[in-house]
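Undergrad: So I've got this file, final.cif, and it contains mmCIF, C-alpha atoms:
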```cif
data_structure
loop_
_atom_site.group_PDB
_atom_site.id
_atom_site.type_symbol
_atom_site.label_atom_id
_atom_site.label_comp_id
_atom_site.auth_asym_id
_atom_site.auth_seq_id
_atom_site.Cartn_x
_atom_site.Cartn_y
_atom_site.Cartn_z
ATOM 1 C CA MET A 80 92.090 99.028 111.588
ATOM 2 C CA GLY A 81 90.851 97.844 114.934
ATOM 3 C CA GLU A 82 87.243 96.886 115.400
ATOM 4 C CA GLY A 83 86.525 99.906 117.544
ATOM 5 C CA SER A 84 88.180 102.798 115.758
ATOM 6 C CA LYS A 85 86.764 106.283 116.088
ATOM 7 C CA PRO A 86 85.158 108.007 113.089
ATOM 8 C CA SER A 87 87.689 110.349 111.466
ATOM 9 C CA GLY A 88 86.268 111.487 108.125
ATOM 10 C CA TYR A 89 88.786 112.441 105.453
ATOM 11 C CA LYS A 90 91.883 111.424 107.459
ATOM 12 C CA GLU A 91 91.453 107.722 106.718
ATOM 13 C CA TYR A 92 91.352 108.550 103.007
ATOM 14 C CA ILE A 93 94.663 110.442 103.306
ATOM 15 C CA ALA A 94 96.220 107.505 105.167
ATOM 16 C CA GLY A 95 94.956 105.160 102.456
ATOM 17 C CA LEU A 96 96.437 107.341 99.706
ATOM 18 C CA LEU A 97 99.875 107.180 101.355
ATOM 19 C CA ALA A 98 99.492 103.404 101.648
ATOM 20 C CA GLY A 99 98.847 103.239 97.898
ATOM 21 C CA VAL A 100 102.025 105.185 97.096
ATOM 22 C CA ALA A 101 104.033 102.762 99.254
ATOM 23 C CA THR A 102 102.418 99.784 97.509
ATOM 24 C CA VAL A 103 103.444 100.935 94.016
ATOM 25 C CA ALA A 104 106.953 101.997 95.032
ATOM 26 C CA VAL A 105 107.662 98.534 96.455
ATOM 27 C CA GLY A 106 105.543 96.333 94.222
ATOM 28 C CA HIS A 107 105.515 97.720 90.651
ATOM 29 C CA PRO A 108 108.630 95.897 89.334
ATOM 30 C CA PHE A 109 107.135 92.573 90.478
ATOM 31 C CA ASP A 110 103.847 93.553 88.836
ATOM 32 C CA THR A 111 105.567 94.214 85.508
ATOM 33 C CA VAL A 112 107.109 90.722 85.594
ATOM 34 C CA LYS A 113 103.715 89.231 86.487
ATOM 35 C CA VAL A 114 101.948 90.952 83.586
ATOM 36 C CA LYS A 115 104.678 89.919 81.121
ATOM 37 C CA LEU A 116 104.395 86.289 82.245
ATOM 38 C CA GLN A 117 100.599 86.386 81.983
ATOM 39 C CA LYS A 118 100.698 87.826 78.477
ATOM 40 C CA HIS A 119 103.533 85.772 76.971
ATOM 41 C CA ASN A 120 103.108 82.412 78.709
ATOM 42 C CA THR A 121 99.425 82.097 77.803
ATOM 43 C CA GLU A 122 99.791 83.016 74.111
ATOM 44 C CA VAL A 123 100.349 80.515 71.314
ATOM 45 C CA GLN A 124 103.123 82.568 69.688
ATOM 46 C CA GLY A 125 106.053 84.592 70.972
ATOM 47 C CA ILE A 126 108.745 84.110 73.595
ATOM 48 C CA LYS A 127 107.988 82.036 76.681
ATOM 49 C CA TYR A 128 109.675 82.861 79.994
ATOM 50 C CA ARG A 129 110.917 79.960 82.132
ATOM 51 C CA ASN A 130 110.016 81.757 85.349
ATOM 52 C CA GLY A 131 109.811 85.184 86.962
ATOM 53 C CA LEU A 132 113.594 85.426 87.351
ATOM 54 C CA HIS A 133 114.123 84.730 83.642
ATOM 55 C CA CYS A 134 111.523 87.362 82.763
ATOM 56 C CA ALA A 135 113.062 89.985 85.084
ATOM 57 C CA ALA A 136 116.553 89.256 83.705
ATOM 58 C CA ARG A 137 115.284 89.700 80.127
ATOM 59 C CA ILE A 138 113.685 93.041 81.013
ATOM 60 C CA LEU A 139 116.838 94.308 82.753
ATOM 61 C CA ALA A 140 119.083 93.122 79.909
ATOM 62 C CA THR A 141 117.000 94.670 77.113
ATOM 63 C CA GLU A 142 115.297 97.670 78.736
ATOM 64 C CA GLY A 143 117.166 98.403 81.966
ATOM 65 C CA VAL A 144 115.634 99.222 85.356
ATOM 66 C CA LYS A 145 113.153 101.620 83.767
ATOM 67 C CA GLY A 146 111.641 98.614 81.979
ATOM 68 C CA LEU A 147 110.504 97.261 85.348
ATOM 69 C CA TYR A 148 108.681 100.536 86.033
ATOM 70 C CA LYS A 149 106.787 100.726 82.732
ATOM 71 C CA GLY A 150 103.270 101.975 83.348
ATOM 72 C CA ALA A 151 104.211 103.157 86.844
ATOM 73 C CA THR A 152 102.799 106.656 86.275
ATOM 74 C CA SER A 153 99.246 105.437 85.741
ATOM 75 C CA SER A 154 99.773 102.895 88.497
ATOM 76 C CA PHE A 155 100.817 105.567 91.029
ATOM 77 C CA VAL A 156 97.750 107.648 90.194
ATOM 78 C CA GLY A 157 95.359 104.715 90.048
ATOM 79 C CA VAL A 158 96.613 102.778 93.072
ATOM 80 C CA ALA A 159 97.003 105.873 95.277
ATOM 81 C CA PHE A 160 93.419 106.935 94.546
ATOM 82 C CA GLU A 161 92.163 103.344 94.760
ATOM 83 C CA SER A 162 93.951 102.722 98.052
ATOM 84 C CA SER A 163 92.580 105.966 99.478
ATOM 85 C CA LEU A 164 89.056 104.880 98.553
ATOM 86 C CA VAL A 165 89.276 101.255 99.657
ATOM 87 C CA PHE A 166 90.761 102.010 103.089
ATOM 88 C CA GLY A 167 88.436 104.967 103.647
ATOM 89 C CA ILE A 168 85.275 103.187 102.456
ATOM 90 C CA TYR A 169 86.171 100.016 104.360
ATOM 91 C CA SER A 170 86.755 101.918 107.603
ATOM 92 C CA GLN A 171 83.628 104.043 107.382
ATOM 93 C CA THR A 172 81.352 101.214 106.202
ATOM 94 C CA LYS A 173 82.617 99.063 109.052
ATOM 95 C CA GLN A 174 81.856 101.828 111.558
ATOM 96 C CA LEU A 175 78.368 102.182 110.066
ATOM 97 C CA LEU A 176 77.634 98.450 110.269
ATOM 98 C CA GLN A 177 78.899 98.311 113.846
ATOM 99 C CA GLY A 178 76.570 101.160 114.773
ATOM 100 C CA GLY A 179 79.244 102.766 116.918
ATOM 101 C CA VAL A 180 79.381 99.722 119.214
ATOM 102 C CA GLN A 181 82.843 98.406 120.050
ATOM 103 C CA SER A 182 83.495 94.671 119.751
ATOM 104 C CA ASN A 183 85.996 92.406 121.476
ATOM 105 C CA GLY A 184 87.275 90.904 118.239
ATOM 106 C CA PRO A 185 86.934 90.809 114.447
ATOM 107 C CA GLN A 186 83.397 90.299 113.120
ATOM 108 C CA PRO A 187 83.137 88.584 109.703
ATOM 109 C CA ARG A 188 79.569 89.893 109.197
ATOM 110 C CA VAL A 189 81.040 93.414 109.358
ATOM 111 C CA ILE A 190 84.457 92.910 107.757
ATOM 112 C CA ILE A 191 83.386 90.953 104.651
ATOM 113 C CA PRO A 192 80.599 93.248 103.353
ATOM 114 C CA SER A 193 82.621 96.383 104.198
ATOM 115 C CA ALA A 194 85.662 95.116 102.307
ATOM 116 C CA ALA A 195 83.656 93.730 99.366
ATOM 117 C CA PHE A 196 81.789 97.038 99.023
ATOM 118 C CA GLY A 197 85.044 98.989 99.057
ATOM 119 C CA GLY A 198 86.478 96.604 96.461
ATOM 120 C CA ALA A 199 83.462 96.998 94.183
ATOM 121 C CA ILE A 200 83.689 100.809 94.298
ATOM 122 C CA ILE A 201 87.421 100.970 93.558
ATOM 123 C CA SER A 202 87.108 98.621 90.576
ATOM 124 C CA PHE A 203 85.704 101.564 88.593
ATOM 125 C CA VAL A 204 88.932 103.490 89.268
ATOM 126 C CA LEU A 205 91.279 100.537 88.899
ATOM 127 C CA CYS A 206 89.926 99.226 85.597
ATOM 128 C CA PRO A 207 91.029 102.117 83.319
ATOM 129 C CA SER A 208 94.330 102.694 85.153
ATOM 130 C CA GLU A 209 95.194 98.982 85.015
ATOM 131 C CA LEU A 210 94.226 98.743 81.340
ATOM 132 C CA VAL A 211 96.718 101.514 80.555
ATOM 133 C CA LYS A 212 99.330 99.987 82.874
ATOM 134 C CA CYS A 213 99.005 96.495 81.362
ATOM 135 C CA ARG A 214 99.161 97.760 77.768
ATOM 136 C CA MET A 215 102.316 99.712 78.611
ATOM 137 C CA GLN A 216 103.879 96.751 80.441
ATOM 138 C CA VAL A 217 103.424 94.211 77.634
ATOM 139 C CA GLN A 218 105.435 96.428 75.278
ATOM 140 C CA GLY A 219 109.161 95.905 74.967
ATOM 141 C CA THR A 220 111.757 93.767 73.214
ATOM 142 C CA ASP A 221 109.804 90.515 73.535
ATOM 143 C CA SER A 222 106.438 92.117 72.902
ATOM 144 C CA LEU A 223 103.808 90.544 70.675
ATOM 145 C CA VAL A 224 102.429 94.056 70.126
ATOM 146 C CA PRO A 225 103.490 95.465 66.717
ATOM 147 C CA LYS A 226 105.608 98.648 66.812
ATOM 148 C CA SER A 227 102.877 100.523 64.939
ATOM 149 C CA SER A 228 100.506 99.898 67.830
ATOM 150 C CA SER A 229 102.924 100.855 70.617
ATOM 151 C CA TYR A 230 102.355 103.725 73.046
ATOM 152 C CA SER A 231 104.823 106.459 73.965
ATOM 153 C CA SER A 232 103.273 107.203 77.364
ATOM 154 C CA PRO A 233 100.304 106.276 79.593
ATOM 155 C CA LEU A 234 98.442 109.359 78.321
ATOM 156 C CA ASP A 235 99.113 108.340 74.712
ATOM 157 C CA CYS A 236 97.798 104.858 75.521
ATOM 158 C CA ALA A 237 94.599 106.227 77.098
ATOM 159 C CA ILE A 238 93.946 108.636 74.200
ATOM 160 C CA LYS A 239 94.561 105.994 71.511
ATOM 161 C CA THR A 240 92.333 103.491 73.338
ATOM 162 C CA ILE A 241 89.461 105.979 73.587
ATOM 163 C CA LYS A 242 89.905 107.015 69.943
ATOM 164 C CA SER A 243 89.826 103.435 68.674
ATOM 165 C CA ASP A 244 87.366 101.829 71.108
ATOM 166 C CA GLY A 245 85.373 104.741 72.501
ATOM 167 C CA VAL A 246 85.002 105.660 76.188
ATOM 168 C CA THR A 247 83.761 102.143 76.991
ATOM 169 C CA GLY A 248 87.056 100.785 75.641
ATOM 170 C CA ILE A 249 88.983 102.189 78.595
ATOM 171 C CA PHE A 250 86.707 100.155 80.887
ATOM 172 C CA ARG A 251 87.373 96.874 79.090
ATOM 173 C CA GLY A 252 87.656 94.095 81.690
ATOM 174 C CA GLY A 253 85.507 96.041 84.170
ATOM 175 C CA SER A 254 83.351 93.137 85.353
ATOM 176 C CA THR A 255 86.451 90.977 85.904
ATOM 177 C CA THR A 256 88.112 93.776 87.878
ATOM 178 C CA LEU A 257 84.973 94.201 90.012
ATOM 179 C CA LEU A 258 84.839 90.463 90.765
ATOM 180 C CA ARG A 259 88.553 90.329 91.584
ATOM 181 C CA GLU A 260 88.460 93.365 93.880
ATOM 182 C CA SER A 261 85.257 92.443 95.753
ATOM 183 C CA LEU A 262 86.368 88.898 96.483
ATOM 184 C CA GLY A 263 90.027 89.780 96.996
ATOM 185 C CA ASN A 264 89.459 92.633 99.443
ATOM 186 C CA ALA A 265 87.007 90.569 101.506
ATOM 187 C CA ILE A 266 89.771 87.965 101.871
ATOM 188 C CA PHE A 267 92.541 90.537 102.426
ATOM 189 C CA PHE A 268 90.836 92.456 105.236
ATOM 190 C CA SER A 269 89.562 89.267 106.905
ATOM 191 C CA VAL A 270 93.091 87.827 107.076
ATOM 192 C CA TYR A 271 94.553 91.194 108.097
ATOM 193 C CA GLU A 272 92.039 91.776 110.906
ATOM 194 C CA TYR A 273 92.302 88.259 112.355
ATOM 195 C CA VAL A 274 96.104 88.022 112.186
ATOM 196 C CA ARG A 275 96.443 91.500 113.687
ATOM 197 C CA TYR A 276 93.950 90.749 116.471
ATOM 198 C CA TYR A 277 95.514 87.442 117.532
ATOM 199 C CA MET A 278 99.086 88.736 117.324
ATOM 200 C CA HIS A 279 98.160 91.654 119.584
ATOM 201 C CA LEU A 280 96.580 89.199 122.022
ATOM 202 C CA GLN A 281 99.690 87.026 122.098
ATOM 203 C CA LEU A 282 102.189 89.874 122.322
ATOM 204 C CA ASN A 283 100.160 92.156 124.638
ATOM 205 C CA THR A 284 101.677 95.290 123.090
ATOM 206 C CA SER A 285 100.006 97.764 125.464
ATOM 207 C CA SER A 286 102.317 96.726 128.301
ATOM 208 C CA SER A 287 105.477 96.630 126.188
ATOM 209 C CA SER A 288 108.133 99.363 126.171
ATOM 210 C CA HIS A 289 108.700 98.615 122.467
ATOM 211 C CA SER A 290 105.042 98.872 121.446
ATOM 212 C CA ASN A 291 105.719 100.956 118.300
ATOM 213 C CA LEU A 292 108.276 98.454 117.012
ATOM 214 C CA ILE A 293 105.942 95.529 117.782
ATOM 215 C CA ASP A 294 103.044 97.324 116.062
ATOM 216 C CA MET A 295 105.195 97.722 112.961
ATOM 217 C CA GLY A 296 106.136 94.038 113.063
ATOM 218 C CA ILE A 297 102.480 93.051 113.398
ATOM 219 C CA GLY A 298 101.623 95.361 110.493
ATOM 220 C CA ILE A 299 104.282 93.715 108.320
ATOM 221 C CA VAL A 300 103.059 90.177 109.096
ATOM 222 C CA SER A 301 99.301 90.888 108.954
ATOM 223 C CA GLY A 302 99.538 93.039 105.811
ATOM 224 C CA GLY A 303 101.921 90.634 104.094
ATOM 225 C CA LEU A 304 99.794 87.557 104.821
ATOM 226 C CA GLY A 305 96.648 89.441 103.779
ATOM 227 C CA GLY A 306 98.279 90.271 100.442
ATOM 228 C CA VAL A 307 99.395 86.677 99.856
ATOM 229 C CA ALA A 308 95.858 85.430 100.645
ATOM 230 C CA PHE A 309 94.335 88.031 98.281
ATOM 231 C CA TRP A 310 96.437 87.044 95.289
ATOM 232 C CA SER A 311 96.393 83.305 95.947
ATOM 233 C CA ALA A 312 92.605 83.437 95.722
ATOM 234 C CA VAL A 313 92.070 85.775 92.760
ATOM 235 C CA LEU A 314 95.118 85.267 90.511
ATOM 236 C CA PRO A 315 93.154 83.340 87.817
ATOM 237 C CA LEU A 316 90.760 86.305 87.554
ATOM 238 C CA ASP A 317 93.758 88.605 87.247
ATOM 239 C CA VAL A 318 95.208 86.451 84.451
ATOM 240 C CA ALA A 319 91.869 86.663 82.618
ATOM 241 C CA LYS A 320 91.796 90.439 83.138
ATOM 242 C CA THR A 321 95.286 90.854 81.669
ATOM 243 C CA ILE A 322 94.318 88.855 78.566
ATOM 244 C CA ILE A 323 91.033 90.782 78.174
ATOM 245 C CA GLN A 324 92.659 94.204 78.579
ATOM 246 C CA THR A 325 95.656 93.570 76.314
ATOM 247 C CA ALA A 326 93.764 91.788 73.511
ATOM 248 C CA PRO A 327 94.272 93.758 70.254
ATOM 249 C CA GLU A 328 90.890 92.864 68.732
ATOM 250 C CA LYS A 329 87.701 94.602 69.863
ATOM 251 C CA CYS A 330 85.721 91.393 69.364
ATOM 252 C CA SER A 331 87.901 89.377 71.763
ATOM 253 C CA PRO A 332 85.902 87.718 74.581
ATOM 254 C CA THR A 333 85.438 89.703 77.793
ATOM 255 C CA ASN A 334 83.839 86.953 79.905
ATOM 256 C CA PRO A 335 86.580 85.958 82.408
ATOM 257 C CA PHE A 336 85.355 82.375 82.716
ATOM 258 C CA GLN A 337 85.337 81.942 78.950
ATOM 259 C CA VAL A 338 88.866 83.349 78.799
ATOM 260 C CA LEU A 339 90.052 81.082 81.631
ATOM 261 C CA ASN A 340 88.506 78.045 79.949
ATOM 262 C CA SER A 341 90.435 78.914 76.767
ATOM 263 C CA ILE A 342 93.676 79.358 78.741
ATOM 264 C CA TYR A 343 93.113 76.071 80.588
ATOM 265 C CA THR A 344 92.569 74.236 77.290
ATOM 266 C CA ARG A 345 95.754 75.747 75.850
ATOM 267 C CA ALA A 346 98.112 75.903 78.849
ATOM 268 C CA GLY A 347 96.479 73.911 81.643
ATOM 269 C CA LEU A 348 96.156 74.966 85.292
ATOM 270 C CA ARG A 349 99.632 76.444 85.144
ATOM 271 C CA GLY A 350 98.393 78.927 82.537
ATOM 272 C CA CYS A 351 95.559 80.040 84.829
ATOM 273 C CA TYR A 352 98.168 80.796 87.496
ATOM 274 C CA ALA A 353 100.677 82.469 85.162
ATOM 275 C CA GLY A 354 102.765 84.984 87.095
ATOM 276 C CA LEU A 355 102.192 83.221 90.447
ATOM 277 C CA GLY A 356 105.851 83.480 91.494
ATOM 278 C CA PRO A 357 106.373 87.248 91.140
ATOM 279 C CA THR A 358 102.809 87.885 92.329
ATOM 280 C CA ILE A 359 103.344 86.104 95.654
ATOM 281 C CA VAL A 360 106.873 87.513 96.010
ATOM 282 C CA ARG A 361 105.409 90.993 95.419
ATOM 283 C CA ALA A 362 102.288 90.485 97.550
ATOM 284 C CA PHE A 363 104.020 90.208 100.913
ATOM 285 C CA PRO A 364 106.338 93.262 100.842
ATOM 286 C CA ALA A 365 103.926 95.490 98.877
ATOM 287 C CA ASN A 366 100.975 94.868 101.185
ATOM 288 C CA ALA A 367 103.153 94.913 104.284
ATOM 289 C CA ALA A 368 104.389 98.359 103.177
ATOM 290 C CA ALA A 369 100.781 99.460 102.582
ATOM 291 C CA ILE A 370 99.564 98.382 106.024
ATOM 292 C CA VAL A 371 102.577 99.753 107.910
ATOM 293 C CA THR A 372 102.254 103.091 106.053
ATOM 294 C CA TRP A 373 98.482 103.171 106.641
ATOM 295 C CA GLU A 374 98.731 102.454 110.374
ATOM 296 C CA LEU A 375 101.631 104.906 110.821
ATOM 297 C CA ALA A 376 99.743 107.621 108.899
ATOM 298 C CA MET A 377 96.645 107.059 111.040
ATOM 299 C CA LYS A 378 98.702 107.492 114.205
ATOM 300 C CA LEU A 379 100.298 110.682 112.863
ATOM 301 C CA LEU A 380 96.854 111.994 111.866
ATOM 302 C CA GLY A 381 95.506 111.263 115.318
ATOM 303 C CA ILE A 382 93.309 108.288 114.434
ATOM 304 C CA ARG A 383 93.497 105.873 117.338
ATOM 305 C CA ASN A 384 93.127 102.122 116.960
ATOM 306 C CA ILE A 385 91.253 101.068 120.088
ATOM 307 C CA GLU A 386 91.586 97.326 119.564
ATOM 308 C CA GLY A 387 95.077 95.979 120.032
ATOM 309 C CA SER A 388 96.620 99.402 120.807
#
```
So that I can check it, write out the structure of this file as structure tokens.

TA:
Amino acid sequence: MGEGSKPSGYKEYIAGLLAGVATVAVGHPFDTVKVKLQKHNTEVQGIKYRNGLHCAARILATEGVKGLYKGATSSFVGVAFESSLVFGIYSQTKQLLQGGVQSNGPQPRVIIPSAAFGGAIISFVLCPSELVKCRMQVQGTDSLVPKSSSYSSPLDCAIKTIKSDGVTGIFRGGSTTLLRESLGNAIFFSVYEYVRYYMHLQLNTSSSSHSNLIDMGIGIVSGGLGGVAFWSAVLPLDVAKTIIQTAPEKCSPTNPFQVLNSIYTRAGLRGCYAGLGPTIVRAFPANAAAIVTWELAMKLLGIRNIEGS
């Protein structure tokens, strides 16, 4: 979004929803590998994967391509709704903080609180959908989860979790998700806005006969770099969230810093960054796809980006 975009109501939420669908379609296989690495390579027992490639090869050999898309149903629903909210809330909060006044460039005092607020709101949607997704993803041939505790579908997982842990059980890891999303989205949108702004300045797209192609290229770079920055900053929190949400015992710790301290003691700094490879590999294309889809959808819906257009 440019700094001076016009208010557009529900349309930005529709554009955000489409961005979420693109994110899952491109990024879910990488996410499955990341979750497997985080679960297995931080535990005392069970198989350890050498790297993301080894993990992906094991999944393909034992479960096929569908193994890489385990939990994708809940992810499509959760991420599409989450993406719709975060892009819509970010855009409208930013317009509110700007007071309708256009600016000549990105404003951190507007971008950061708008993005952090959007991140905090979506954490309440993401937490249950990611809990279901993670519990589905850690199942499989190498799983530490006993067969008696396995789930046949995302709905089965959600129902069993609520039956055993109550409604609050589906929100396990909520505070960690809120912290990850608030901090991560503030970083993501800051990087996205600044990279987009300066690339438009350098390329001067308004006078180019290939402006649409250049806009797409800028979207790929700014969205991709924003995604890499997001995950580079918050991956330890994501590792803690995976451990919290997939822990079989109700009494397992839910404080992310306590969990990270335990992981650090057991597996060192490498354990706190478990899944870094597939996460970064996923972050660029998935977020590039999200931004390109979002910006294209906004154009098709008649939402004009004033800055850099």

Undergrad: Using all atoms listed in the file, which residues of range 316-342 of chain A come within 10 Å of range 346-369 of chain A, and what is the closest atom pair for each, with the distance in Å to one decimal? Give it as JSON lines, sorted by chain and residue number.

TA:
```
{"residue": "A:Leu316", "atom": "CA", "partner": "A:Cys351", "partner_atom": "CA", "distance": 8.3}
{"residue": "A:Asp317", "atom": "CA", "partner": "A:Tyr352", "partner_atom": "CA", "distance": 9.0}
{"residue": "A:Val318", "atom": "CA", "partner": "A:Cys351", "partner_atom": "CA", "distance": 6.4}
{"residue": "A:Ala319", "atom": "CA", "partner": "A:Cys351", "partner_atom": "CA", "distance": 7.9}
{"residue": "A:Val338", "atom": "CA", "partner": "A:Cys351", "partner_atom": "CA", "distance": 9.6}
{"residue": "A:Leu339", "atom": "CA", "partner": "A:Cys351", "partner_atom": "CA", "distance": 6.5}
{"residue": "A:Asn340", "atom": "CA", "partner": "A:Cys351", "partner_atom": "CA", "distance": 8.8}
{"residue": "A:Ser341", "atom": "CA", "partner": "A:Ala346", "partner_atom": "CA", "distance": 8.5}
{"residue": "A:Ile342", "atom": "CA", "partner": "A:Ala346", "partner_atom": "CA", "distance": 5.6}
```

Undergrad: Selected residues, C-alpha atoms, written as a short mmCIF file (atom, residue, chain, number, x, y, z; two decimals), in the coordinates of the input, please.

TA:
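The file below, out_15.cif, is the result:
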```cif
data_model
loop_
_atom_site.label_atom_id
_atom_site.label_comp_id
_atom_site.auth_asym_id
_atom_site.auth_seq_id
_atom_site.Cartn_x
_atom_site.Cartn_y
_atom_site.Cartn_z
CA LEU A 316 90.76 86.30 87.55
CA ASP A 317 93.76 88.60 87.25
CA VAL A 318 95.21 86.45 84.45
CA ALA A 319 91.87 86.66 82.62
CA VAL A 338 88.87 83.35 78.80
CA LEU A 339 90.05 81.08 81.63
CA ASN A 340 88.51 78.04 79.95
CA SER A 341 90.44 78.91 76.77
CA ILE A 342 93.68 79.36 78.74
#
```

Undergrad: Tell me which of A:Gly263, A:Pro207, A:Pro185, A:Gly198 sits closest to Val246 in chain A, counting all atoms listed in the file.

TA: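 Checking each candidate against Val246 in chain A, we get A:Pro207 as the closest.
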
Undergrad: Starting from the shown file, work through the PyMOL selection byres ((chain A and resi 377) around 10) and note down what comes out as a list in words.

TA: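 With the shown file as input, the PyMOL selection byres ((chain A and resi 377) around 10) matches Met80, Ser87, Lys90, Glu91, Tyr92, Ile93, Ala94, Gly95, Val371, Thr372, Trp373, Glu374, Leu375, Ala376, Lys378, Leu379, Leu380, Gly381, Ile382, Arg383 and Asn384 of chain A.
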
Undergrad: Just so the selection is clear, what residues does the PyMOL selection byres ((chain A and resi 260) around 8) cover here, as a PyMOL selection string?

TA: chain A and resi 195+198-199+201-202+256-259+261-264

Undergrad: I'd like the interatomic distance between CA of Pro335 in chain A and CA of Leu210 in chain A, to a tenth of an Å.

TA: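 One can read the CA of Pro335 in chain A to CA of Leu210 in chain A distance as 14.9 Å.
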
Undergrad: I'd like the interatomic distance between CA of Gln324 in chain A and CA of Ile168 in chain A, to a tenth of an Å.

TA: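 Distance between the two atoms: 26.6 Å.
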
Undergrad: So, counting all atoms listed in the file, which residue among A:Tyr276, A:Gln218, A:Lys115, A:Ser254 is closest to Asn334 in chain A?

TA: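 Of the candidates, the smallest distance to Asn334 in chain A is held by A:Ser254.
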
Undergrad: Between A:Arg251, A:Gln216, A:Gly306, A:Ala237, which has the minimum distance to Gln117 in chain A (counting all atoms listed in the file)?

TA: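 Under the stated criterion, the closest residue is A:Gln216.
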
Undergrad: N, CA and C atoms for range 269-286 of chain A, written as an mmCIF file, in the coordinates of the input, could you do that?

TA:
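Full text of result07.cif as output:
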```cif
data_model
loop_
_atom_site.group_PDB
_atom_site.id
_atom_site.type_symbol
_atom_site.label_atom_id
_atom_site.label_comp_id
_atom_site.auth_asym_id
_atom_site.auth_seq_id
_atom_site.Cartn_x
_atom_site.Cartn_y
_atom_site.Cartn_z
ATOM 1 N N SER A 269 89.872 90.316 105.924
ATOM 2 C CA SER A 269 89.562 89.267 106.905
ATOM 3 C C SER A 269 90.857 88.706 107.493
ATOM 4 N N VAL A 270 91.807 88.369 106.613
ATOM 5 C CA VAL A 270 93.091 87.827 107.076
ATOM 6 C C VAL A 270 93.834 88.880 107.892
ATOM 7 N N TYR A 271 93.867 90.102 107.389
ATOM 8 C CA TYR A 271 94.553 91.194 108.097
ATOM 9 C C TYR A 271 93.993 91.399 109.503
ATOM 10 N N GLU A 272 92.669 91.503 109.611
ATOM 11 C CA GLU A 272 92.039 91.776 110.906
ATOM 12 C C GLU A 272 92.283 90.636 111.901
ATOM 13 N N TYR A 273 92.138 89.397 111.444
ATOM 14 C CA TYR A 273 92.302 88.259 112.355
ATOM 15 C C TYR A 273 93.749 88.072 112.786
ATOM 16 N N VAL A 274 94.690 88.173 111.843
ATOM 17 C CA VAL A 274 96.104 88.022 112.186
ATOM 18 C C VAL A 274 96.529 89.133 113.137
ATOM 19 N N ARG A 275 96.108 90.354 112.842
ATOM 20 C CA ARG A 275 96.443 91.500 113.687
ATOM 21 C C ARG A 275 95.889 91.325 115.099
ATOM 22 N N TYR A 276 94.622 90.907 115.174
ATOM 23 C CA TYR A 276 93.950 90.749 116.471
ATOM 24 C C TYR A 276 94.659 89.700 117.336
ATOM 25 N N TYR A 277 94.922 88.528 116.755
ATOM 26 C CA TYR A 277 95.514 87.442 117.532
ATOM 27 C C TYR A 277 96.982 87.692 117.855
ATOM 28 N N MET A 278 97.698 88.385 117.007
ATOM 29 C CA MET A 278 99.086 88.736 117.324
ATOM 30 C C MET A 278 99.148 89.730 118.464
ATOM 31 N N HIS A 279 98.215 90.701 118.471
ATOM 32 C CA HIS A 279 98.160 91.654 119.584
ATOM 33 C C HIS A 279 97.823 90.940 120.889
ATOM 34 N N LEU A 280 96.931 89.963 120.818
ATOM 35 C CA LEU A 280 96.580 89.199 122.022
ATOM 36 C C LEU A 280 97.790 88.459 122.572
ATOM 37 N N GLN A 281 98.539 87.823 121.677
ATOM 38 C CA GLN A 281 99.690 87.026 122.098
ATOM 39 C C GLN A 281 100.833 87.892 122.619
ATOM 40 N N LEU A 282 101.045 89.036 121.971
ATOM 41 C CA LEU A 282 102.189 89.874 122.322
ATOM 42 C C LEU A 282 101.886 90.915 123.383
ATOM 43 N N ASN A 283 100.586 91.204 123.595
ATOM 44 C CA ASN A 283 100.160 92.156 124.638
ATOM 45 C C ASN A 283 100.958 93.456 124.540
ATOM 46 N N THR A 284 100.837 94.124 123.386
ATOM 47 C CA THR A 284 101.677 95.290 123.090
ATOM 48 C C THR A 284 101.459 96.480 124.026
ATOM 49 N N SER A 285 100.301 96.586 124.632
ATOM 50 C CA SER A 285 100.006 97.764 125.464
ATOM 51 C C SER A 285 100.935 97.862 126.669
ATOM 52 N N SER A 286 101.454 96.718 127.119
ATOM 53 C CA SER A 286 102.317 96.726 128.301
ATOM 54 C C SER A 286 103.800 96.683 127.934
#
```
